[in-house]
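A quick write-up on the structure given underneath.
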Amino acid sequence: QQNLMGTSSSSSSSGSGRFGTKEEIALNDAISFAEGTKSSYGTMFGGGISKDLESGKLTVKQVIDLGDAHAKKNGQSGAAGRYQFMPPTLEDLVRTGDLKMDDKFTPQMQDKASIALARRRKVTSELLKKEGLSAKVSNMLAPEWASLPTYSGASYYGQPVKSLSSIQSAYKNSLGSPQQPAPAQTSSPTTTKSTKQPAQTQSSPTQAQITPTGT
């Protein structure tokens, strides 16, 4: 599998500060739409916002700890960030070398981590260029994000999903508009998803948890 650490700028082809090709950026935007987290890279399970996570001040280890504490508090999930990473998912990405515990988990690093998970599922920029966010692509990613539908139109985990057509619209809209840079880091004060795990969704936002592949 491909390791994203130190990936050259050829993968960051948008020239906007966002990581990935334009197709991968559009995929990330579509996943965020499905997850219900478009408003913030600091979105926690349940819809709250961690300003320190949003601004990229936290390390990967601190985000893992934040997620664990959040899960203990709400009794359900520690999903964190724009792509609702579970703590075990981040730990798995560290084991595979895609992340380091002391990396700042900036918006761009969140983009990288999401792309790493998609590539593990064989969803590459080349595949996206060939067929876009097709029913096949959604089905390939459904075990990773419960908010994406399988071929049947239902969640891989039997949970609520957005319609494929709405997710495809989000993908196409992102492709057709100028790519915006990831939010810059700020000094905002603190306010306050290897084994496979069931994903889960909730309303406001969708809160699909990412299931690490470990393969």
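By convention here, the chains of the structure tokens are called A, B, ... in the order presented, each chain's residues are numbered starting at 1, and ligands are numbered starting at 1 in the order presented.
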Inset, instruction - Extract, using only C-alpha atoms, all DNA, RNA and protein residues at most 6 Å from range 58-72 of chain A, discarding same-chain residues fewer than 5 positions from it, and format them as JSON, numbers by chain. - result: {"A": [53, 77, 78, 87, 101, 102, 103, 104, 105]}
Which residues of range 10-44 of chain A have any atom within 8 Å of an atom in range 132-148 of chain A when counting only C-alpha atoms, and what is the closest pair of atoms for each, with the distance in Å to one decimal? Order the rows by chain and rising number and write it as a Markdown table.
```
| residue | atom | partner | partner_atom | distance |
| --- | --- | --- | --- | --- |
| A:Glu23 | CA | A:Gly132 | CA | 7.8 |
| A:Leu27 | CA | A:Leu133 | CA | 7.3 |
| A:Ile31 | CA | A:Leu148 | CA | 7.7 |
| A:Ala34 | CA | A:Ser147 | CA | 5.6 |
| A:Glu35 | CA | A:Ser147 | CA | 6.0 |
```
Can you write just those residues out, N, CA and C atoms, as a short mmCIF file (atom, residue, chain, number, x, y, z; two decimals), in the first residue's frame?
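Written file, part-v3.cif:
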```cif
data_model
loop_
_atom_site.label_atom_id
_atom_site.label_comp_id
_atom_site.auth_asym_id
_atom_site.auth_seq_id
_atom_site.Cartn_x
_atom_site.Cartn_y
_atom_site.Cartn_z
N GLU A 23 -9.59 15.46 -8.10
CA GLU A 23 -10.57 14.40 -7.90
C GLU A 23 -10.60 13.95 -6.44
N LEU A 27 -13.57 14.21 -3.76
CA LEU A 27 -14.02 13.06 -2.99
C LEU A 27 -14.10 13.42 -1.52
N ILE A 31 -17.34 13.25 0.88
CA ILE A 31 -17.38 12.49 2.13
C ILE A 31 -17.82 13.41 3.27
N ALA A 34 -21.45 13.91 3.12
CA ALA A 34 -22.17 12.73 3.61
C ALA A 34 -22.09 12.63 5.13
N GLU A 35 -20.94 13.01 5.68
CA GLU A 35 -20.74 12.94 7.13
C GLU A 35 -21.45 14.07 7.87
#
```
Inset, instruction - Give the strand (DSSP E or B) residues of range 2-171 of chain A, as assigned by DSSP on the backbone, as a list in words. - result: Thr43, Met44, Ile49, Thr59, Ala80, Phe85, Lys104, Trp145, Pro149 and Ser155 of chain A
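Nearest to Asn173 in chain A of all the residues A:Asp29, A:Arg18, A:Pro160, A:Ile49 is A:Asp29, counting only C-alpha atoms.
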Inset, instruction - Per DSSP on the backbone, filter range 25-214 of chain A down to the residues in helix (DSSP H, G or I) and report them as a count of residues only. - result: 79
Inset, instruction - Please provide the set of residues having any atom within 8 Å of Gln108 in chain A, restricted to only C-alpha atoms, with same-chain residues fewer than 4 positions apart removed, written as a PyMOL selection string. - result: chain A and resi 17-19+112+182
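Taking CA of Gly97 in chain A and CA of Thr21 in chain A as endpoints, the distance between them is 20.8 Å.
Using only C-alpha atoms, the protein and nucleic acid residues lying no more than 7 Å from Met44 in chain A, apart from those fewer than 3 places from it along its own chain, are A:Gly47, A:Gly48, A:Ile49, A:Ser50, A:Ala79, A:Ala80, A:Gly81.
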